[in-house]
$ cat structure-v7.pdb   # PDB, C-alpha atoms
ATOM      1  CA  MET K   1     -94.929 188.034-112.014
ATOM      2  CA  SER K   2     -94.774 188.229-115.796
ATOM      3  CA  ASP K   3     -92.519 191.293-115.691
ATOM      4  CA  GLN K   4     -90.175 189.551-113.268
ATOM      5  CA  VAL K   5     -90.025 186.449-115.474
ATOM      6  CA  GLU K   6     -89.228 188.506-118.542
ATOM      7  CA  LYS K   7     -86.612 190.509-116.670
ATOM      8  CA  LEU K   8     -84.913 187.362-115.386
ATOM      9  CA  SER K   9     -85.136 185.753-118.811
ATOM     10  CA  ARG K  10     -83.447 188.797-120.386
ATOM     11  CA  LYS K  11     -80.767 188.698-117.688
ATOM     12  CA  ARG K  12     -80.091 185.018-118.370
ATOM     13  CA  ARG K  13     -79.880 185.672-122.122
ATOM     14  CA  ARG K  14     -77.401 188.516-121.673
ATOM     15  CA  LEU K  15     -75.319 186.471-119.234
ATOM     16  CA  LEU K  16     -75.125 183.582-121.717
ATOM     17  CA  VAL K  17     -74.022 185.840-124.575
ATOM     18  CA  VAL K  18     -71.359 187.463-122.385
ATOM     19  CA  MET K  19     -70.177 184.045-121.193
ATOM     20  CA  ALA K  20     -69.988 182.668-124.730
ATOM     21  CA  ILE K  21     -67.980 185.657-125.964
ATOM     22  CA  ALA K  22     -65.649 185.496-122.955
ATOM     23  CA  PHE K  23     -65.154 181.757-123.537
ATOM     24  CA  ILE K  24     -64.348 182.291-127.221
ATOM     25  CA  VAL K  25     -61.845 185.067-126.427
ATOM     26  CA  TRP K  26     -60.274 183.065-123.600
ATOM     27  CA  GLN K  27     -59.766 179.985-125.751
ATOM     28  CA  LEU K  28     -58.770 181.614-129.030
ATOM     29  CA  ALA K  29     -56.489 184.288-127.549
ATOM     30  CA  GLY K  30     -54.477 181.490-125.940
ATOM     31  CA  LEU K  31     -53.671 179.897-129.291
ATOM     32  CA  GLN K  32     -50.219 180.470-130.735
ATOM     33  CA  MET K  33     -51.662 181.113-134.206
ATOM     34  CA  PHE K  34     -53.500 184.181-132.867
ATOM     35  CA  SER K  35     -50.325 185.453-131.266
ATOM     36  CA  ASP K  36     -48.845 185.375-134.727
ATOM     37  CA  PHE K  37     -51.739 187.474-136.025
ATOM     38  CA  ALA K  38     -51.184 189.927-133.170
ATOM     39  CA  GLY K  39     -47.660 190.533-134.376
ATOM     40  CA  GLY K  40     -46.037 187.884-132.239
ATOM     41  CA  ASP K  41     -46.764 189.703-128.997
ATOM     42  CA  ARG K  42     -47.399 186.703-126.785
ATOM     43  CA  ARG K  43     -47.830 188.867-123.682
ATOM     44  CA  LEU K  44     -50.762 190.748-125.184
ATOM     45  CA  THR K  45     -52.668 187.599-126.161
ATOM     46  CA  SER K  46     -51.831 185.991-122.809
ATOM     47  CA  PHE K  47     -53.211 189.005-120.971
ATOM     48  CA  VAL K  48     -56.377 189.040-123.101
ATOM     49  CA  SER K  49     -56.795 185.303-122.565
ATOM     50  CA  LEU K  50     -56.324 185.617-118.804
ATOM     51  CA  PHE K  51     -58.702 188.544-118.539
ATOM     52  CA  ALA K  52     -61.346 186.708-120.580
ATOM     53  CA  PHE K  53     -60.901 183.610-118.398
ATOM     54  CA  ALA K  54     -61.380 185.644-115.199
ATOM     55  CA  PHE K  55     -64.449 187.313-116.684
ATOM     56  CA  TRP K  56     -65.860 183.966-117.831
ATOM     57  CA  ALA K  57     -65.211 182.392-114.407
ATOM     58  CA  VAL K  58     -67.019 185.212-112.610
ATOM     59  CA  THR K  59     -70.063 185.012-114.912
ATOM     60  CA  LEU K  60     -70.074 181.223-114.532
ATOM     61  CA  ILE K  61     -70.128 181.547-110.736
ATOM     62  CA  ILE K  62     -72.961 184.082-110.945
ATOM     63  CA  LEU K  63     -74.944 181.798-113.240
ATOM     64  CA  MET K  64     -74.331 178.697-111.115
ATOM     65  CA  ARG K  65     -75.037 180.381-107.782
ATOM     66  CA  GLN K  66     -78.129 182.232-108.837
ATOM     67  CA  ARG K  67     -79.069 180.307-111.953
ATOM     68  CA  GLY K  68     -80.497 183.674-112.905
ATOM     69  CA  VAL K  69     -83.507 183.161-110.654
ATOM     70  CA  LYS K  70     -82.247 183.740-107.112
ATOM     71  CA  GLY K  71     -85.012 185.110-104.941
ATOM     72  CA  ALA K  72     -87.696 184.468-107.532
ATOM     73  CA  PRO K  73     -90.955 182.836-106.416
ATOM     74  CA  PRO K  74     -91.563 179.183-107.411
ATOM     75  CA  GLU K  75     -94.053 180.210-110.130
ATOM     76  CA  ALA K  76     -91.449 182.444-111.747
ATOM     77  CA  ARG K  77     -88.854 179.674-111.519
ATOM     78  CA  ALA K  78     -91.268 177.293-113.233
ATOM     79  CA  ALA K  79     -91.985 179.846-115.949
ATOM     80  CA  LEU K  80     -88.250 180.303-116.526
ATOM     81  CA  ASN K  81     -87.904 176.610-117.263
ATOM     82  CA  ASP K  82     -91.192 175.990-119.030
ATOM     83  CA  GLU K  83     -91.817 173.879-122.125
ATOM     84  CA  LEU K  84     -90.708 176.565-124.543
ATOM     85  CA  VAL K  85     -87.411 177.035-122.692
ATOM     86  CA  GLN K  86     -86.852 173.264-122.664
ATOM     87  CA  GLN K  87     -87.551 173.084-126.381
ATOM     88  CA  ASN K  88     -85.202 176.000-127.053
ATOM     89  CA  ARG K  89     -82.509 174.293-124.979
ATOM     90  CA  MET K  90     -82.909 171.093-126.981
ATOM     91  CA  ARG K  91     -82.780 173.000-130.269
ATOM     92  CA  ALA K  92     -79.716 174.922-129.112
ATOM     93  CA  PHE K  93     -77.889 171.618-128.545
ATOM     94  CA  GLN K  94     -78.971 170.419-131.992
ATOM     95  CA  ILE K  95     -77.632 173.629-133.529
ATOM     96  CA  GLY K  96     -74.433 173.192-131.493
ATOM     97  CA  TYR K  97     -73.993 169.722-132.966
ATOM     98  CA  TRP K  98     -74.170 171.117-136.519
ATOM     99  CA  VAL K  99     -71.873 174.025-135.637
ATOM    100  CA  MET K 100     -69.321 171.501-134.356
ATOM    101  CA  LEU K 101     -69.610 169.405-137.516
ATOM    102  CA  ILE K 102     -69.236 172.460-139.761
ATOM    103  CA  THR K 103     -66.255 173.661-137.725
ATOM    104  CA  ALA K 104     -64.646 170.232-137.982
ATOM    105  CA  ALA K 105     -65.185 170.258-141.755
ATOM    106  CA  MET K 106     -63.702 173.760-142.011
ATOM    107  CA  VAL K 107     -60.679 172.804-139.918
ATOM    108  CA  PHE K 108     -60.206 169.673-142.011
ATOM    109  CA  THR K 109     -60.390 171.697-145.237
ATOM    110  CA  ALA K 110     -58.067 174.381-143.887
ATOM    111  CA  SER K 111     -55.552 171.721-142.815
ATOM    112  CA  MET K 112     -55.002 170.909-146.496
ATOM    113  CA  PHE K 113     -53.559 174.388-147.010
ATOM    114  CA  VAL K 114     -52.087 175.347-143.641
ATOM    115  CA  ARG K 115     -50.535 173.241-140.908
ATOM    116  CA  ILE K 116     -52.979 172.806-138.024
ATOM    117  CA  GLU K 117     -51.905 170.872-134.946
ATOM    118  CA  GLY K 118     -54.249 168.272-133.544
ATOM    119  CA  ASN K 119     -54.662 170.087-130.228
ATOM    120  CA  VAL K 120     -55.499 173.341-132.029
ATOM    121  CA  ALA K 121     -58.103 171.575-134.169
ATOM    122  CA  ALA K 122     -59.611 170.000-131.069
ATOM    123  CA  GLN K 123     -59.686 173.359-129.307
ATOM    124  CA  LEU K 124     -61.409 175.079-132.229
ATOM    125  CA  ILE K 125     -64.047 172.344-132.392
ATOM    126  CA  LEU K 126     -64.490 172.524-128.610
ATOM    127  CA  VAL K 127     -64.981 176.290-128.723
ATOM    128  CA  ALA K 128     -67.613 175.890-131.437
ATOM    129  CA  GLY K 129     -69.287 173.112-129.457
ATOM    130  CA  VAL K 130     -69.489 175.170-126.263
ATOM    131  CA  ALA K 131     -70.186 178.647-127.605
ATOM    132  CA  GLY K 132     -72.529 177.500-130.397
ATOM    133  CA  PRO K 133     -75.336 176.161-128.178
ATOM    134  CA  MET K 134     -75.010 179.090-125.744
ATOM    135  CA  LEU K 135     -75.414 181.676-128.474
ATOM    136  CA  ALA K 136     -78.118 179.631-130.182
ATOM    137  CA  PHE K 137     -80.090 179.364-126.925
ATOM    138  CA  ALA K 138     -79.801 183.112-126.340
ATOM    139  CA  ARG K 139     -80.992 183.727-129.903
ATOM    140  CA  LEU K 140     -83.928 181.320-129.600
ATOM    141  CA  GLU K 141     -84.923 182.810-126.236
ATOM    142  CA  GLY K 142     -84.780 186.266-127.769
ATOM    143  CA  ARG K 143     -87.351 185.321-130.418
ATOM    144  CA  ASP K 144     -90.866 186.589-129.757
ATOM    145  CA  ALA K 145     -89.616 188.214-126.555
TER     146      ALA K 145
ATOM    147  CA  MET Q   1     -92.014 179.532-138.576
ATOM    148  CA  PRO Q   2     -94.744 177.267-137.170
ATOM    149  CA  ASP Q   3     -93.706 173.817-135.919
ATOM    150  CA  HIS Q   4     -96.865 172.258-137.306
ATOM    151  CA  PRO Q   5     -98.480 174.256-140.114
ATOM    152  CA  ASP Q   6    -101.529 171.955-140.019
ATOM    153  CA  LEU Q   7    -102.376 172.947-136.470
ATOM    154  CA  GLN Q   8    -104.588 175.920-135.805
ATOM    155  CA  THR Q   9    -105.378 177.385-132.437
ATOM    156  CA  ALA Q  10    -108.244 179.363-130.978
ATOM    157  CA  LEU Q  11    -106.390 180.064-127.765
ATOM    158  CA  LYS Q  12    -106.384 183.817-128.303
ATOM    159  CA  ASP Q  13    -110.178 183.899-128.818
ATOM    160  CA  TYR Q  14    -110.845 181.843-125.694
ATOM    161  CA  ARG Q  15    -108.358 183.853-123.655
ATOM    162  CA  GLN Q  16    -109.878 187.155-124.702
ATOM    163  CA  ALA Q  17    -113.379 185.796-124.094
ATOM    164  CA  ALA Q  18    -112.288 184.920-120.566
ATOM    165  CA  GLY Q  19    -111.031 188.480-120.100
ATOM    166  CA  LEU Q  20    -107.439 187.398-119.542
ATOM    167  CA  THR Q  21    -104.237 188.945-120.789
ATOM    168  CA  GLN Q  22    -101.377 186.751-121.999
ATOM    169  CA  ALA Q  23     -99.583 187.474-118.728
ATOM    170  CA  ASP Q  24    -102.663 186.476-116.677
ATOM    171  CA  LEU Q  25    -103.042 183.199-118.504
ATOM    172  CA  ALA Q  26     -99.305 182.522-118.313
ATOM    173  CA  ALA Q  27     -99.348 182.979-114.531
ATOM    174  CA  LYS Q  28    -102.306 180.604-114.165
ATOM    175  CA  VAL Q  29    -100.553 177.771-115.997
ATOM    176  CA  SER Q  30     -97.005 178.539-114.721
ATOM    177  CA  VAL Q  31     -95.386 179.398-118.030
ATOM    178  CA  SER Q  32     -93.945 182.631-119.393
ATOM    179  CA  ARG Q  33     -95.995 185.195-121.313
ATOM    180  CA  LYS Q  34     -93.734 184.500-124.279
ATOM    181  CA  THR Q  35     -94.820 180.861-124.260
ATOM    182  CA  ILE Q  36     -98.491 181.878-124.486
ATOM    183  CA  ASN Q  37     -97.612 184.318-127.263
ATOM    184  CA  THR Q  38     -95.762 181.678-129.275
ATOM    185  CA  ILE Q  39     -98.649 179.217-128.840
ATOM    186  CA  GLU Q  40    -101.151 181.803-130.054
ATOM    187  CA  ASN Q  41     -98.946 182.584-133.053
ATOM    188  CA  GLY Q  42     -98.603 178.895-133.890
ATOM    189  CA  VAL Q  43     -94.824 179.017-133.418
ATOM    190  CA  PHE Q  44     -94.838 176.622-130.480
ATOM    191  CA  VAL Q  45     -96.991 173.541-130.003
ATOM    192  CA  PRO Q  46     -97.584 172.794-126.301
ATOM    193  CA  THR Q  47     -97.439 169.324-124.780
ATOM    194  CA  THR Q  48    -100.651 167.512-123.904
ATOM    195  CA  VAL Q  49    -100.197 168.439-120.258
ATOM    196  CA  LEU Q  50     -99.978 172.157-120.956
ATOM    197  CA  ALA Q  51    -102.856 171.956-123.431
ATOM    198  CA  LEU Q  52    -104.994 170.299-120.735
ATOM    199  CA  ARG Q  53    -104.005 172.965-118.214
ATOM    200  CA  LEU Q  54    -104.947 175.713-120.654
ATOM    201  CA  ALA Q  55    -108.279 174.054-121.353
ATOM    202  CA  ARG Q  56    -108.968 173.718-117.631
ATOM    203  CA  VAL Q  57    -108.203 177.387-116.960
ATOM    204  CA  LEU Q  58    -110.299 178.521-119.921
ATOM    205  CA  SER Q  59    -113.128 176.068-119.078
ATOM    206  CA  CYS Q  60    -113.193 174.413-122.465
ATOM    207  CA  ARG Q  61    -111.972 171.263-124.183
ATOM    208  CA  VAL Q  62    -108.524 170.847-125.699
ATOM    209  CA  GLU Q  63    -110.239 170.273-129.058
ATOM    210  CA  ASP Q  64    -111.774 173.719-128.748
ATOM    211  CA  LEU Q  65    -108.356 175.285-128.387
ATOM    212  CA  PHE Q  66    -106.478 173.238-130.964
ATOM    213  CA  SER Q  67    -107.609 171.652-134.189
ATOM    214  CA  LEU Q  68    -106.251 170.512-137.539
ATOM    215  CA  ARG Q  69    -106.801 172.569-140.648
ATOM    216  CA  ASP Q  70    -109.163 170.963-143.164
TER     217      ASP Q  70
END
$ encode --input "structure-v7.pdb" --output "structure tokens"
Amino acid sequence: MSDQVEKLSRKRRRLLVVMAIAFIVWQLAGLQMFSDFAGGDRRLTSFVSLFAFAFWAVTLIILMRQRGVKGAPPEARAALNDELVQQNRMRAFQIGYWVMLITAAMVFTASMFVRIEGNVAAQLILVAGVAGPMLAFARLEGRDA
Amino acid sequence: MPDHPDLQTALKDYRQAAGLTQADLAAKVSVSRKTINTIENGVFVPTTVLALRLARVLSCRVEDLFSLRD
């Protein structure tokens, strides 16, 4: 059972990292400011954003349908949500909170030098708030693996 | 980095004395092998419930498994 638990845990970690990256790309590629960086080619960033969204949606469905433990025995399911996992999840949210605060501070500081729209600032903080805990959880779960 | 540097554990000694691997012990108390590993390394401090389960499986007292450094 231990091998199965570790395999499923690795799968969940990888899925979370992929989802976080896809979410970041989806959100950031849709911003006008990144179109400007890409040489003003709005079609390219739109395509990247759409592709990342589709990828993110598929991984989300996989994660929600299977929760990474489809077909696993009850003992393995319990082991995949044991005390250490719960603690890591809690810590990941704490890290996400600080990532959001730091992002907000960075956006605020940057807004003194460049014009940043309110919706863009909100989107950047949202991206940090969503992707931060996901990546932090994957990192914490990867410790001592 | 240990959560509680003052806490020391003899879990590894008791587990090895019982002839169990980390995976065996993990299966008996329904946690992952990694959780047992992090407890043995002092990285993770289990709840009272898990500590009691470990003590029951290893036929000892919780105080035998966990104690405070002098």
$ residues_around --input "structure-v7.pdb" --residues "Val49 in chain Q" --least-positions-apart "2" --cutoff "12 Å" --atoms "all atoms listed in the file" --output "short mmCIF file (atom, residue, chain, number, x, y, z; two decimals) with C-alpha atoms, in the frame of the given file"
data_model
loop_
_atom_site.label_atom_id
_atom_site.label_comp_id
_atom_site.auth_asym_id
_atom_site.auth_seq_id
_atom_site.Cartn_x
_atom_site.Cartn_y
_atom_site.Cartn_z
CA ASP K 82 -91.19 175.99 -119.03
CA GLU K 83 -91.82 173.88 -122.12
CA VAL Q 29 -100.55 177.77 -116.00
CA SER Q 30 -97.00 178.54 -114.72
CA VAL Q 45 -96.99 173.54 -130.00
CA PRO Q 46 -97.58 172.79 -126.30
CA THR Q 47 -97.44 169.32 -124.78
CA ALA Q 51 -102.86 171.96 -123.43
CA LEU Q 52 -104.99 170.30 -120.74
CA ARG Q 53 -104.00 172.96 -118.21
CA LEU Q 54 -104.95 175.71 -120.65
CA ALA Q 55 -108.28 174.05 -121.35
CA ARG Q 56 -108.97 173.72 -117.63
CA VAL Q 62 -108.52 170.85 -125.70
#
$ atom_distance --input "structure-v7.pdb" --atom1 "CA of Lys28 in chain Q" --atom2 "CA of Pro73 in chain K"
13.9 Å
$ residues_near_point --input "structure-v7.pdb" --point "(-101.4, 179.3, -135.7)" --cutoff "12 Å" --atoms "only C-alpha atoms" --output "ChimeraX atom specification"
/Q:1-12,36-45,65-69
$ interface_residues --input "structure-v7.pdb" --of "chain K" --to "chain Q" --cutoff "7 Å" --atoms "all atoms listed in the file" --output "PyMOL selection string"
chain K and resi 2+5+75+78-80+82+84+144-145
$ atom_distance --input "structure-v7.pdb" --atom1 "CA of Ala72 in chain K" --atom2 "CA of Arg13 in chain K"
16.6 Å
$ atom_distance --input "structure-v7.pdb" --atom1 "CA of Ala105 in chain K" --atom2 "CA of Ala22 in chain K"
24.2 Å
$ closest_residue --input "structure-v7.pdb" --among "K:Asn119, K:Phe113, K:Phe55, K:Arg139" --to "Ile95 in chain K" --atoms "only C-alpha atoms"
K:Arg139
$ resolve_selection --input "structure-v7.pdb" --expression "the PyMOL selection byres ((chain K and resi 93) around 9)" --output "VMD selection string"
chain K and resid 88 to 92 94 to 98 129 132 to 134 136 to 137
$ residues_around --input "structure-v7.pdb" --residues "Met106 in chain K" --least-positions-apart "6" --cutoff "10 Å" --atoms "only C-alpha atoms" --output "compact mmCIF listing (two decimals) with C-alpha atoms, in the frame of the given file"
# COMPACT_ATOMS: atom_id res chain seq x y z
CA MET K 100 -69.32 171.50 -134.36
CA ALA K 121 -58.10 171.58 -134.17
CA ILE K 125 -64.05 172.34 -132.39
$ axis_aligned_box --input "structure-v7.pdb" --around "range 107-123 of chain K" --padding-each-side "8 Å" --output "AutoDock Vina command-line options"
--center_x -55.6 --center_y 171.8 --center_z -138.2 --size_x 26.1 --size_y 23.1 --size_z 33.7
$ closest_residue --input "structure-v7.pdb" --among "K:Leu63, K:Leu44, K:Ala104, K:Leu28" --to "Ala122 in chain K" --atoms "all atoms listed in the file"
K:Ala104
$ decode --input "structure-v7.pdb" --residues "range 17-28 of chain K" --atoms "all heavy atoms" --output "PDB file, in the first residue's frame"
ATOM      1  N   VAL K  17       1.333  21.273  -9.557  1.00  0.00           N
ATOM      2  CA  VAL K  17       2.334  22.159 -10.159  1.00  0.00           C
ATOM      3  C   VAL K  17       1.904  22.538 -11.572  1.00  0.00           C
ATOM      4  O   VAL K  17       1.945  23.712 -11.948  1.00  0.00           O
ATOM      5  CB  VAL K  17       3.730  21.485 -10.169  1.00  0.00           C
ATOM      6  CG1 VAL K  17       4.720  22.309 -10.983  1.00  0.00           C
ATOM      7  CG2 VAL K  17       4.247  21.304  -8.749  1.00  0.00           C
ATOM      8  N   VAL K  18       1.453  21.535 -12.333  1.00  0.00           N
ATOM      9  CA  VAL K  18       1.009  21.781 -13.711  1.00  0.00           C
ATOM     10  C   VAL K  18      -0.181  22.744 -13.720  1.00  0.00           C
ATOM     11  O   VAL K  18      -0.235  23.700 -14.508  1.00  0.00           O
ATOM     12  CB  VAL K  18       0.634  20.444 -14.407  1.00  0.00           C
ATOM     13  CG1 VAL K  18      -0.106  20.689 -15.707  1.00  0.00           C
ATOM     14  CG2 VAL K  18       1.885  19.623 -14.663  1.00  0.00           C
ATOM     15  N   MET K  19      -1.124  22.502 -12.793  1.00  0.00           N
ATOM     16  CA  MET K  19      -2.302  23.369 -12.704  1.00  0.00           C
ATOM     17  C   MET K  19      -1.925  24.800 -12.358  1.00  0.00           C
ATOM     18  O   MET K  19      -2.467  25.751 -12.935  1.00  0.00           O
ATOM     19  CB  MET K  19      -3.266  22.853 -11.625  1.00  0.00           C
ATOM     20  CG  MET K  19      -4.219  21.805 -12.112  1.00  0.00           C
ATOM     21  SD  MET K  19      -5.419  21.419 -10.851  1.00  0.00           S
ATOM     22  CE  MET K  19      -6.461  22.855 -10.938  1.00  0.00           C
ATOM     23  N   ALA K  20      -1.008  24.953 -11.409  1.00  0.00           N
ATOM     24  CA  ALA K  20      -0.591  26.296 -10.987  1.00  0.00           C
ATOM     25  C   ALA K  20       0.060  27.036 -12.143  1.00  0.00           C
ATOM     26  O   ALA K  20      -0.233  28.215 -12.391  1.00  0.00           O
ATOM     27  CB  ALA K  20       0.364  26.202  -9.795  1.00  0.00           C
ATOM     28  N   ILE K  21       0.946  26.335 -12.869  1.00  0.00           N
ATOM     29  CA  ILE K  21       1.633  26.978 -13.999  1.00  0.00           C
ATOM     30  C   ILE K  21       0.620  27.344 -15.085  1.00  0.00           C
ATOM     31  O   ILE K  21       0.656  28.454 -15.633  1.00  0.00           O
ATOM     32  CB  ILE K  21       2.743  26.056 -14.552  1.00  0.00           C
ATOM     33  CG1 ILE K  21       3.867  25.938 -13.512  1.00  0.00           C
ATOM     34  CG2 ILE K  21       3.311  26.605 -15.869  1.00  0.00           C
ATOM     35  CD1 ILE K  21       4.884  24.863 -13.804  1.00  0.00           C
ATOM     36  N   ALA K  22      -0.291  26.419 -15.375  1.00  0.00           N
ATOM     37  CA  ALA K  22      -1.313  26.698 -16.399  1.00  0.00           C
ATOM     38  C   ALA K  22      -2.177  27.889 -15.985  1.00  0.00           C
ATOM     39  O   ALA K  22      -2.523  28.733 -16.819  1.00  0.00           O
ATOM     40  CB  ALA K  22      -2.180  25.455 -16.614  1.00  0.00           C
ATOM     41  N   PHE K  23      -2.508  27.972 -14.697  1.00  0.00           N
ATOM     42  CA  PHE K  23      -3.329  29.083 -14.205  1.00  0.00           C
ATOM     43  C   PHE K  23      -2.587  30.415 -14.362  1.00  0.00           C
ATOM     44  O   PHE K  23      -3.175  31.418 -14.802  1.00  0.00           O
ATOM     45  CB  PHE K  23      -3.704  28.840 -12.730  1.00  0.00           C
ATOM     46  CG  PHE K  23      -4.615  29.876 -12.167  1.00  0.00           C
ATOM     47  CD1 PHE K  23      -5.974  29.859 -12.456  1.00  0.00           C
ATOM     48  CD2 PHE K  23      -4.128  30.892 -11.360  1.00  0.00           C
ATOM     49  CE1 PHE K  23      -6.822  30.827 -11.942  1.00  0.00           C
ATOM     50  CE2 PHE K  23      -4.967  31.864 -10.845  1.00  0.00           C
ATOM     51  CZ  PHE K  23      -6.323  31.832 -11.124  1.00  0.00           C
ATOM     52  N   ILE K  24      -1.295  30.397 -14.001  1.00  0.00           N
ATOM     53  CA  ILE K  24      -0.492  31.623 -14.111  1.00  0.00           C
ATOM     54  C   ILE K  24      -0.434  32.082 -15.575  1.00  0.00           C
ATOM     55  O   ILE K  24      -0.652  33.250 -15.888  1.00  0.00           O
ATOM     56  CB  ILE K  24       0.936  31.396 -13.554  1.00  0.00           C
ATOM     57  CG1 ILE K  24       0.889  31.196 -12.036  1.00  0.00           C
ATOM     58  CG2 ILE K  24       1.852  32.566 -13.897  1.00  0.00           C
ATOM     59  CD1 ILE K  24       2.178  30.689 -11.436  1.00  0.00           C
ATOM     60  N   VAL K  25      -0.144  31.134 -16.469  1.00  0.00           N
ATOM     61  CA  VAL K  25      -0.030  31.474 -17.902  1.00  0.00           C
ATOM     62  C   VAL K  25      -1.371  31.975 -18.429  1.00  0.00           C
ATOM     63  O   VAL K  25      -1.436  32.994 -19.126  1.00  0.00           O
ATOM     64  CB  VAL K  25       0.459  30.247 -18.714  1.00  0.00           C
ATOM     65  CG1 VAL K  25       0.411  30.536 -20.212  1.00  0.00           C
ATOM     66  CG2 VAL K  25       1.877  29.869 -18.303  1.00  0.00           C
ATOM     67  N   TRP K  26      -2.433  31.282 -18.081  1.00  0.00           N
ATOM     68  CA  TRP K  26      -3.777  31.659 -18.529  1.00  0.00           C
ATOM     69  C   TRP K  26      -4.106  33.102 -18.115  1.00  0.00           C
ATOM     70  O   TRP K  26      -4.547  33.909 -18.925  1.00  0.00           O
ATOM     71  CB  TRP K  26      -4.801  30.669 -17.951  1.00  0.00           C
ATOM     72  CG  TRP K  26      -6.234  31.116 -18.010  1.00  0.00           C
ATOM     73  CD1 TRP K  26      -6.832  31.854 -18.986  1.00  0.00           C
ATOM     74  CD2 TRP K  26      -7.245  30.832 -17.039  1.00  0.00           C
ATOM     75  NE1 TRP K  26      -8.161  32.054 -18.678  1.00  0.00           N
ATOM     76  CE2 TRP K  26      -8.445  31.442 -17.506  1.00  0.00           C
ATOM     77  CE3 TRP K  26      -7.259  30.118 -15.843  1.00  0.00           C
ATOM     78  CZ2 TRP K  26      -9.632  31.359 -16.791  1.00  0.00           C
ATOM     79  CZ3 TRP K  26      -8.454  30.036 -15.138  1.00  0.00           C
ATOM     80  CH2 TRP K  26      -9.620  30.653 -15.608  1.00  0.00           C
ATOM     81  N   GLN K  27      -3.873  33.400 -16.853  1.00  0.00           N
ATOM     82  CA  GLN K  27      -4.230  34.716 -16.334  1.00  0.00           C
ATOM     83  C   GLN K  27      -3.314  35.825 -16.864  1.00  0.00           C
ATOM     84  O   GLN K  27      -3.782  36.869 -17.292  1.00  0.00           O
ATOM     85  CB  GLN K  27      -4.179  34.707 -14.805  1.00  0.00           C
ATOM     86  CG  GLN K  27      -5.264  33.875 -14.160  1.00  0.00           C
ATOM     87  CD  GLN K  27      -6.639  34.490 -14.348  1.00  0.00           C
ATOM     88  OE1 GLN K  27      -6.837  35.673 -14.155  1.00  0.00           O
ATOM     89  NE2 GLN K  27      -7.591  33.663 -14.751  1.00  0.00           N
ATOM     90  N   LEU K  28      -2.008  35.573 -16.819  1.00  0.00           N
ATOM     91  CA  LEU K  28      -1.065  36.628 -17.188  1.00  0.00           C
ATOM     92  C   LEU K  28      -1.018  36.864 -18.691  1.00  0.00           C
ATOM     93  O   LEU K  28      -0.864  38.004 -19.134  1.00  0.00           O
ATOM     94  CB  LEU K  28       0.341  36.308 -16.651  1.00  0.00           C
ATOM     95  CG  LEU K  28       0.455  36.240 -15.123  1.00  0.00           C
ATOM     96  CD1 LEU K  28       1.907  36.132 -14.698  1.00  0.00           C
ATOM     97  CD2 LEU K  28      -0.196  37.462 -14.454  1.00  0.00           C
TER      98      LEU K  28
END
